[in-house]
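Step one of this worksheet: look at the structure below.
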Amino acid sequence: MLYITSLPIAIPIFILGVLFLYKGADWLIDGASKTAVRLGVSSLIVALTVVAYGTSLPEFAVSFLAALRGHPSISIGNVLGSCIANLLLILGISALIKPLKVTKTVVNREAPIMVVSSFLLLLLSVEYVLNRVDGIILLLCFAAYIVFFVWIAKKTKNKYEIKSSPMWKNLVLIVAGIGGVVIGAKFLVDSSVFFAKTFGVSEAVIALSLVAVGTSLPELAVSGLASWKSESDIAIGNIIGSNIFNILLILGVCSAAASLIIDQKLFINMLLVCVASIIIIPMLYYGKRLQRFPNISGKAKGFSMKYTGYVLSRKEGVVLLIGYACYIMWLYVPL
């Protein structure tokens with residue numbers, strides 16, 4: 001934690017955090033996109049792995065340290081709150097910035113993997129504890145996930161011929177971008193915690209809301225900026241990949257290092273993660289985008305409408321944001 005003692009110190013740290021986060025996200029997107037082009041690998045694959053891991057580093061650092069220090073509610077609450085924030089808040093904001101064009105693979109492959117991961121965590125938590133065996137199971141599933149995407153990466157190639165900078169420059173961009181988003185997130189979390197304590201917000205609420213949102217700021221910066229740049233694959237892939245990393249890798253490592261006790265509120269949050277993961281899929285199916293094509297038949301004149309893919313619209317983004325607002329309100333209601 002940064003040593004913040006007053007508002008005059010907290011405010012500039014908050015502003016620095018925003019600047020680090022924005023520039024780091026910009027470098028990370030550019031580096032990931034150019035690396036995908038250079039390797040001939042789909043940008044979606046890079047977003048689901050390299051970018052997702054980079055933006056999940058703050059969650060990993062906070063949750064692992066909390067687990068080692070004997071604070072399981074912070075460790076688990078940070079991950080669960082981040083997953084919900086990713087799906088409702090960040091995906092909602094990204095869709096609000098610009099409607100997200102979604103590829104079939106996201107609907108048919110990546111989103112179901114996220115749903116299965118969420119329900120696996122719920123199943124392992126039915127006894128209100130995540131022990132070392134549960135952690136090993138999660139880590140084995142994570143290893144299978146990585147092997148699967150390495151295999152997919154060999155089959156999935158970019159169809160576009162785009163000039164890319166040298167690989168070493170791309171890697172520098174990625175490393176610098178990850179460093180920027182991690183430093184920015186730390187500055188924002190530490191200053192936000194100070195603000196919360198100054199204004200009398202309970203630490204229990206901070207764990208599931210403020211800290212979770214703070215550690216999800218890299219995902220917000222990357223996905224929001226990617227949406228603005230019309231990099232929908234990176235915007236959505238980062239969110240889905242981050243949730244899978246959060247559940248399988250972070251909670252896997254944390255519970256393997258120390259058993260994590262789960263209270264009733266945390267278990268309900270696990271249910272909410274499953275619900276939020278599920279509702280994304282029908283929203284994407286409902287958002288099939290239509291495109292006008294001229295009729296070339298001699299009998300028919302004018303245009304016909306055909307489905308050309310999926311899209312997450314601004315209206316659906318608003319629905320997700322309303323859902324997140326309701327979630328935050330619920331956090332303040334004691335069981």
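By convention in this document, the chains of the structure tokens carry letters A, B, ... by their order, each chain's residues are numbered from 1, and ligands are numbered from 1 in the order they are shown.
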Might you pull out every residue within 9 Å of range 311-320 of chain A, with only C-alpha atoms counted and same-chain residues fewer than 6 positions away left off, and present them as a PyMOL selection string?
-> chain A and resi 87-103+283-289
Write a file of the just-selected residues containing N, CA and C atoms, as a PDB file, in the first residue's frame.
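Ended up saving to selection26.pdb:
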```pdb
ATOM      1  N   LEU A  87     -18.187  -8.461 -16.449  1.00  0.00           N
ATOM      2  CA  LEU A  87     -19.321  -8.826 -17.294  1.00  0.00           C
ATOM      3  C   LEU A  87     -20.392  -7.744 -17.365  1.00  0.00           C
ATOM      4  N   LEU A  88     -20.662  -7.084 -16.261  1.00  0.00           N
ATOM      5  CA  LEU A  88     -21.750  -6.105 -16.233  1.00  0.00           C
ATOM      6  C   LEU A  88     -21.258  -4.680 -16.454  1.00  0.00           C
ATOM      7  N   LEU A  89     -20.261  -4.279 -15.690  1.00  0.00           N
ATOM      8  CA  LEU A  89     -19.788  -2.896 -15.779  1.00  0.00           C
ATOM      9  C   LEU A  89     -18.923  -2.658 -17.016  1.00  0.00           C
ATOM     10  N   ILE A  90     -17.867  -3.447 -17.163  1.00  0.00           N
ATOM     11  CA  ILE A  90     -16.890  -3.179 -18.225  1.00  0.00           C
ATOM     12  C   ILE A  90     -17.444  -3.538 -19.601  1.00  0.00           C
ATOM     13  N   LEU A  91     -18.098  -4.686 -19.703  1.00  0.00           N
ATOM     14  CA  LEU A  91     -18.705  -5.045 -20.984  1.00  0.00           C
ATOM     15  C   LEU A  91     -19.814  -4.059 -21.343  1.00  0.00           C
ATOM     16  N   GLY A  92     -20.556  -3.595 -20.330  1.00  0.00           N
ATOM     17  CA  GLY A  92     -21.608  -2.611 -20.568  1.00  0.00           C
ATOM     18  C   GLY A  92     -21.043  -1.295 -21.078  1.00  0.00           C
ATOM     19  N   ILE A  93     -19.966  -0.822 -20.442  1.00  0.00           N
ATOM     20  CA  ILE A  93     -19.338   0.431 -20.881  1.00  0.00           C
ATOM     21  C   ILE A  93     -18.754   0.272 -22.282  1.00  0.00           C
ATOM     22  N   SER A  94     -18.112  -0.861 -22.541  1.00  0.00           N
ATOM     23  CA  SER A  94     -17.511  -1.101 -23.860  1.00  0.00           C
ATOM     24  C   SER A  94     -18.577  -1.084 -24.955  1.00  0.00           C
ATOM     25  N   ALA A  95     -19.725  -1.718 -24.693  1.00  0.00           N
ATOM     26  CA  ALA A  95     -20.814  -1.716 -25.678  1.00  0.00           C
ATOM     27  C   ALA A  95     -21.423  -0.332 -25.825  1.00  0.00           C
ATOM     28  N   LEU A  96     -21.411   0.442 -24.740  1.00  0.00           N
ATOM     29  CA  LEU A  96     -21.963   1.798 -24.792  1.00  0.00           C
ATOM     30  C   LEU A  96     -21.062   2.712 -25.628  1.00  0.00           C
ATOM     31  N   ILE A  97     -19.767   2.510 -25.528  1.00  0.00           N
ATOM     32  CA  ILE A  97     -18.822   3.307 -26.321  1.00  0.00           C
ATOM     33  C   ILE A  97     -19.048   3.074 -27.806  1.00  0.00           C
ATOM     34  N   LYS A  98     -19.151   1.794 -28.181  1.00  0.00           N
ATOM     35  CA  LYS A  98     -19.391   1.442 -29.568  1.00  0.00           C
ATOM     36  C   LYS A  98     -19.944   0.021 -29.605  1.00  0.00           C
ATOM     37  N   PRO A  99     -21.050  -0.224 -30.321  1.00  0.00           N
ATOM     38  CA  PRO A  99     -21.585  -1.594 -30.396  1.00  0.00           C
ATOM     39  C   PRO A  99     -20.488  -2.599 -30.779  1.00  0.00           C
ATOM     40  N   LEU A 100     -20.441  -3.715 -30.056  1.00  0.00           N
ATOM     41  CA  LEU A 100     -19.370  -4.686 -30.240  1.00  0.00           C
ATOM     42  C   LEU A 100     -19.784  -5.782 -31.219  1.00  0.00           C
ATOM     43  N   LYS A 101     -19.072  -5.895 -32.299  1.00  0.00           N
ATOM     44  CA  LYS A 101     -19.291  -6.987 -33.235  1.00  0.00           C
ATOM     45  C   LYS A 101     -18.647  -8.246 -32.669  1.00  0.00           C
ATOM     46  N   VAL A 102     -19.433  -9.292 -32.591  1.00  0.00           N
ATOM     47  CA  VAL A 102     -18.992 -10.520 -31.934  1.00  0.00           C
ATOM     48  C   VAL A 102     -18.843 -11.639 -32.959  1.00  0.00           C
ATOM     49  N   THR A 103     -17.725 -12.344 -32.904  1.00  0.00           N
ATOM     50  CA  THR A 103     -17.521 -13.470 -33.807  1.00  0.00           C
ATOM     51  C   THR A 103     -18.234 -14.707 -33.273  1.00  0.00           C
ATOM     52  N   MET A 283     -27.890 -12.776 -24.778  1.00  0.00           N
ATOM     53  CA  MET A 283     -27.820 -11.385 -25.224  1.00  0.00           C
ATOM     54  C   MET A 283     -27.064 -11.285 -26.544  1.00  0.00           C
ATOM     55  N   LEU A 284     -26.025 -12.098 -26.686  1.00  0.00           N
ATOM     56  CA  LEU A 284     -25.268 -12.101 -27.932  1.00  0.00           C
ATOM     57  C   LEU A 284     -26.087 -12.730 -29.058  1.00  0.00           C
ATOM     58  N   TYR A 285     -26.783 -13.818 -28.752  1.00  0.00           N
ATOM     59  CA  TYR A 285     -27.628 -14.456 -29.769  1.00  0.00           C
ATOM     60  C   TYR A 285     -28.753 -13.525 -30.210  1.00  0.00           C
ATOM     61  N   TYR A 286     -29.331 -12.799 -29.240  1.00  0.00           N
ATOM     62  CA  TYR A 286     -30.413 -11.871 -29.565  1.00  0.00           C
ATOM     63  C   TYR A 286     -29.899 -10.729 -30.437  1.00  0.00           C
ATOM     64  N   GLY A 287     -28.625 -10.400 -30.260  1.00  0.00           N
ATOM     65  CA  GLY A 287     -28.050  -9.278 -30.987  1.00  0.00           C
ATOM     66  C   GLY A 287     -27.473  -9.650 -32.337  1.00  0.00           C
ATOM     67  N   LYS A 288     -28.098 -10.578 -33.054  1.00  0.00           N
ATOM     68  CA  LYS A 288     -27.636 -10.886 -34.409  1.00  0.00           C
ATOM     69  C   LYS A 288     -27.782  -9.630 -35.271  1.00  0.00           C
ATOM     70  N   ARG A 289     -26.713  -9.299 -35.973  1.00  0.00           N
ATOM     71  CA  ARG A 289     -26.775  -8.075 -36.772  1.00  0.00           C
ATOM     72  C   ARG A 289     -27.264  -8.385 -38.184  1.00  0.00           C
TER      73      ARG A 289
END
```
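Proximity to range 16-18 of chain A at 8 Å, evaluated using only C-alpha atoms and with sequence-adjacent residues fewer than 6 positions away removed, yields Ile183, Gly184, Ala185, Lys186, Phe187 and Leu188 of chain A.
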Contacts of range 262-279 of chain A at 6 Å or less, counting only C-alpha atoms, minus same-chain residues fewer than 4 places along, as a list in words?
->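 My reading of the contact set: Ile84, Val115, Ser118, Tyr128 and Val129 of chain A.
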Those residues you just picked out, can you put them in a file as a PDB file, in the first residue's frame with N, CA and C atoms?
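Output file result.pdb is given in full below:
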```pdb
ATOM      1  N   ILE A  84     -17.800 -10.114 -11.814  1.00  0.00           N
ATOM      2  CA  ILE A  84     -19.093  -9.473 -12.035  1.00  0.00           C
ATOM      3  C   ILE A  84     -18.910  -8.101 -12.677  1.00  0.00           C
ATOM      4  N   VAL A 115     -18.634 -19.990 -18.743  1.00  0.00           N
ATOM      5  CA  VAL A 115     -19.777 -20.484 -17.960  1.00  0.00           C
ATOM      6  C   VAL A 115     -19.405 -21.767 -17.212  1.00  0.00           C
ATOM      7  N   SER A 118     -17.248 -21.028 -14.245  1.00  0.00           N
ATOM      8  CA  SER A 118     -18.023 -20.436 -13.141  1.00  0.00           C
ATOM      9  C   SER A 118     -18.764 -21.510 -12.359  1.00  0.00           C
ATOM     10  N   TYR A 128     -18.557 -24.776   1.353  1.00  0.00           N
ATOM     11  CA  TYR A 128     -18.163 -23.465   1.870  1.00  0.00           C
ATOM     12  C   TYR A 128     -16.666 -23.388   2.212  1.00  0.00           C
ATOM     13  N   VAL A 129     -15.857 -24.071   1.426  1.00  0.00           N
ATOM     14  CA  VAL A 129     -14.403 -23.971   1.564  1.00  0.00           C
ATOM     15  C   VAL A 129     -13.755 -24.377   0.245  1.00  0.00           C
TER      16      VAL A 129
END
```
Mind checking which residues fall within 12 Å of Val133 in chain A, counting only C-alpha atoms, ignoring those fewer than 5 positions away in the same chain, and posting them as a PDB file with C-alpha atoms, in the first residue's frame?
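Full text of part.pdb as output:
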```
ATOM      1  CA  LEU A 124     -16.185 -27.000  -5.631  1.00  0.00           C
ATOM      2  CA  SER A 125     -17.502 -24.483  -3.096  1.00  0.00           C
ATOM      3  CA  LEU A 138      -8.766 -25.477 -10.858  1.00  0.00           C
ATOM      4  CA  LEU A 139      -5.112 -25.275 -11.903  1.00  0.00           C
ATOM      5  CA  LEU A 140      -5.356 -28.493 -13.930  1.00  0.00           C
ATOM      6  CA  LEU A 251      -8.387 -18.855  -7.150  1.00  0.00           C
ATOM      7  CA  GLY A 252      -6.547 -22.050  -8.075  1.00  0.00           C
ATOM      8  CA  VAL A 253      -3.224 -20.645  -6.855  1.00  0.00           C
ATOM      9  CA  CYS A 254      -4.764 -18.983  -3.798  1.00  0.00           C
ATOM     10  CA  SER A 255      -6.652 -22.069  -2.597  1.00  0.00           C
ATOM     11  CA  ALA A 256      -3.638 -24.296  -3.314  1.00  0.00           C
ATOM     12  CA  ALA A 257      -1.534 -21.999  -1.130  1.00  0.00           C
ATOM     13  CA  ALA A 258      -4.069 -21.773   1.717  1.00  0.00           C
ATOM     14  CA  SER A 259      -7.577 -23.075   2.309  1.00  0.00           C
ATOM     15  CA  LEU A 260     -10.175 -20.358   1.745  1.00  0.00           C
TER      16      LEU A 260
END
```
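In this structure, CA of Phe20 in chain A sits 5.1 Å away from CA of Gly180 in chain A.
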Expressed in Å to a single decimal, how great is the separation between CA of Ile174 in chain A and CA of Ala212 in chain A?
->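 If I compute the distance from CA of Ile174 in chain A to CA of Ala212 in chain A, I get 23.5 Å.
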Assign secondary structure with DSSP using the backbone only, and return the residues of range 17-225 of chain A in strand (DSSP E) as a ChimeraX atom specification.
-> /A:100-102,129-130
Pick the closest to Leu217 in chain A from A:Gly70, A:Gly31, A:Gly54, A:Pro12: which is it, counting only C-alpha atoms?
->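 Nearest to Leu217 in chain A: A:Gly54.
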Polymer residues at most 9 Å from Ile281 in chain A, only C-alpha atoms, same-chain spacing of 5 or more positions, as a ChimeraX atom specification | /A:107-108,111-112,286
Now that the selection is made, can you save its residues with N, CA and C atoms as an mmCIF file, in the first residue's frame?
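Result file follows (out-v2.cif):
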```cif
data_model
loop_
_atom_site.group_PDB
_atom_site.id
_atom_site.type_symbol
_atom_site.label_atom_id
_atom_site.label_comp_id
_atom_site.auth_asym_id
_atom_site.auth_seq_id
_atom_site.Cartn_x
_atom_site.Cartn_y
_atom_site.Cartn_z
ATOM 1 N N VAL A 107 -19.286 -16.712 -29.151
ATOM 2 C CA VAL A 107 -20.595 -17.197 -28.706
ATOM 3 C C VAL A 107 -20.586 -18.709 -28.504
ATOM 4 N N ASN A 108 -19.949 -19.412 -29.412
ATOM 5 C CA ASN A 108 -20.026 -20.879 -29.399
ATOM 6 C C ASN A 108 -18.907 -21.565 -28.634
ATOM 7 N N ALA A 111 -17.382 -18.094 -24.597
ATOM 8 C CA ALA A 111 -18.389 -17.823 -23.560
ATOM 9 C C ALA A 111 -18.807 -19.099 -22.817
ATOM 10 N N PRO A 112 -19.056 -20.232 -23.508
ATOM 11 C CA PRO A 112 -19.372 -21.461 -22.776
ATOM 12 C C PRO A 112 -18.246 -21.922 -21.845
ATOM 13 N N TYR A 286 -29.331 -12.799 -29.240
ATOM 14 C CA TYR A 286 -30.413 -11.871 -29.565
ATOM 15 C C TYR A 286 -29.899 -10.729 -30.437
#
```
Between CA of Ala10 in chain A and CA of Asn238 in chain A, distance in Å (one decimal) |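 Value for the CA of Ala10 in chain A-CA of Asn238 in chain A distance: 29.3 Å.
Of the residues listed (A:Met329, A:Val172, A:Leu130, A:Ala25), A:Met329 shows the shortest atom-to-atom separation from Ser209 in chain A; distances use only C-alpha atoms.
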Would you please work out which residue, of A:Ala36, A:Ile236, A:Leu331, A:Cys141, is nearest to Leu171 in chain A when using only C-alpha atoms?
->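 That would be A:Ala36, the residue with the smallest distance to Leu171 in chain A.
If only C-alpha atoms are the atoms counted, then among A:Phe199, A:Tyr22, A:Tyr324, A:Trp27 the closest residue to Pro218 in chain A is A:Tyr22.
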Taking the chain letters and numbering used in this document, name the residues of range 101-335 of chain A that DSSP puts in helix (DSSP H, G or I), as a ChimeraX atom specification.
-> /A:104-124,132-155,167-198,203-215,217-228,232-257,264-286,314-331
Counting only C-alpha atoms, which of A:Asp30, A:Ala325, A:Phe149, A:Ser232 gets nearest to Ser165 in chain A?
->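 Among A:Asp30, A:Ala325, A:Phe149, A:Ser232, it is A:Asp30 that comes nearest to Ser165 in chain A.
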Excluding Val175 in chain A and its own-chain neighbours fewer than 6 positions away, which residues fall within 12 Å of it when counting only C-alpha atoms? Please give them as a PDB file with N, CA and C atoms, in the first residue's frame.
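The new file around-v9.pdb reads:
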```pdb
ATOM      1  N   GLY A  24      -0.854   2.741 -20.530  1.00  0.00           N
ATOM      2  CA  GLY A  24      -0.506   1.321 -20.491  1.00  0.00           C
ATOM      3  C   GLY A  24      -1.456   0.491 -21.327  1.00  0.00           C
ATOM      4  N   ALA A  25      -2.762   0.807 -21.238  1.00  0.00           N
ATOM      5  CA  ALA A  25      -3.753   0.080 -22.031  1.00  0.00           C
ATOM      6  C   ALA A  25      -3.516   0.303 -23.520  1.00  0.00           C
ATOM      7  N   ASP A  26      -3.168   1.529 -23.892  1.00  0.00           N
ATOM      8  CA  ASP A  26      -2.903   1.849 -25.290  1.00  0.00           C
ATOM      9  C   ASP A  26      -1.729   1.030 -25.820  1.00  0.00           C
ATOM     10  N   TRP A  27      -0.641   0.973 -25.051  1.00  0.00           N
ATOM     11  CA  TRP A  27       0.534   0.188 -25.458  1.00  0.00           C
ATOM     12  C   TRP A  27       0.194  -1.296 -25.538  1.00  0.00           C
ATOM     13  N   LEU A  28      -0.582  -1.769 -24.565  1.00  0.00           N
ATOM     14  CA  LEU A  28      -0.902  -3.194 -24.522  1.00  0.00           C
ATOM     15  C   LEU A  28      -1.734  -3.614 -25.722  1.00  0.00           C
ATOM     16  N   ILE A  29      -2.709  -2.803 -26.104  1.00  0.00           N
ATOM     17  CA  ILE A  29      -3.539  -3.125 -27.266  1.00  0.00           C
ATOM     18  C   ILE A  29      -2.708  -3.124 -28.540  1.00  0.00           C
ATOM     19  N   ASP A  30      -1.885  -2.075 -28.710  1.00  0.00           N
ATOM     20  CA  ASP A  30      -1.060  -1.998 -29.916  1.00  0.00           C
ATOM     21  C   ASP A  30      -0.080  -3.165 -29.990  1.00  0.00           C
ATOM     22  N   GLY A  31       0.559  -3.467 -28.863  1.00  0.00           N
ATOM     23  CA  GLY A  31       1.518  -4.568 -28.859  1.00  0.00           C
ATOM     24  C   GLY A  31       0.867  -5.902 -29.136  1.00  0.00           C
ATOM     25  N   ALA A  32      -0.321  -6.127 -28.548  1.00  0.00           N
ATOM     26  CA  ALA A  32      -1.024  -7.396 -28.752  1.00  0.00           C
ATOM     27  C   ALA A  32      -1.489  -7.536 -30.198  1.00  0.00           C
ATOM     28  N   VAL A  50      -2.579 -13.538 -23.648  1.00  0.00           N
ATOM     29  CA  VAL A  50      -1.583 -12.557 -23.219  1.00  0.00           C
ATOM     30  C   VAL A  50      -2.231 -11.339 -22.559  1.00  0.00           C
ATOM     31  N   VAL A  51      -3.198 -10.723 -23.242  1.00  0.00           N
ATOM     32  CA  VAL A  51      -3.836  -9.513 -22.711  1.00  0.00           C
ATOM     33  C   VAL A  51      -4.630  -9.828 -21.450  1.00  0.00           C
ATOM     34  N   TYR A  53      -4.159 -12.208 -19.280  1.00  0.00           N
ATOM     35  CA  TYR A  53      -3.251 -12.454 -18.154  1.00  0.00           C
ATOM     36  C   TYR A  53      -2.677 -11.142 -17.633  1.00  0.00           C
ATOM     37  N   GLY A  54      -2.279 -10.268 -18.554  1.00  0.00           N
ATOM     38  CA  GLY A  54      -1.711  -8.992 -18.140  1.00  0.00           C
ATOM     39  C   GLY A  54      -2.674  -8.151 -17.332  1.00  0.00           C
ATOM     40  N   THR A  55      -3.925  -8.080 -17.772  1.00  0.00           N
ATOM     41  CA  THR A  55      -4.907  -7.261 -17.060  1.00  0.00           C
ATOM     42  C   THR A  55      -5.415  -7.937 -15.785  1.00  0.00           C
ATOM     43  N   TRP A 168      10.587  -7.489 -31.329  1.00  0.00           N
ATOM     44  CA  TRP A 168      11.110  -6.986 -30.055  1.00  0.00           C
ATOM     45  C   TRP A 168      10.397  -5.697 -29.638  1.00  0.00           C
ATOM     46  N   LYS A 169      10.021  -4.873 -30.616  1.00  0.00           N
ATOM     47  CA  LYS A 169       9.272  -3.655 -30.299  1.00  0.00           C
ATOM     48  C   LYS A 169       7.870  -3.993 -29.799  1.00  0.00           C
ATOM     49  N   VAL A 181      -0.521  -0.657 -16.740  1.00  0.00           N
ATOM     50  CA  VAL A 181      -1.857  -0.913 -16.183  1.00  0.00           C
ATOM     51  C   VAL A 181      -1.767  -1.410 -14.740  1.00  0.00           C
ATOM     52  N   VAL A 182      -0.712  -2.165 -14.415  1.00  0.00           N
ATOM     53  CA  VAL A 182      -0.565  -2.648 -13.040  1.00  0.00           C
ATOM     54  C   VAL A 182      -0.257  -1.492 -12.092  1.00  0.00           C
TER      55      VAL A 182
END
```
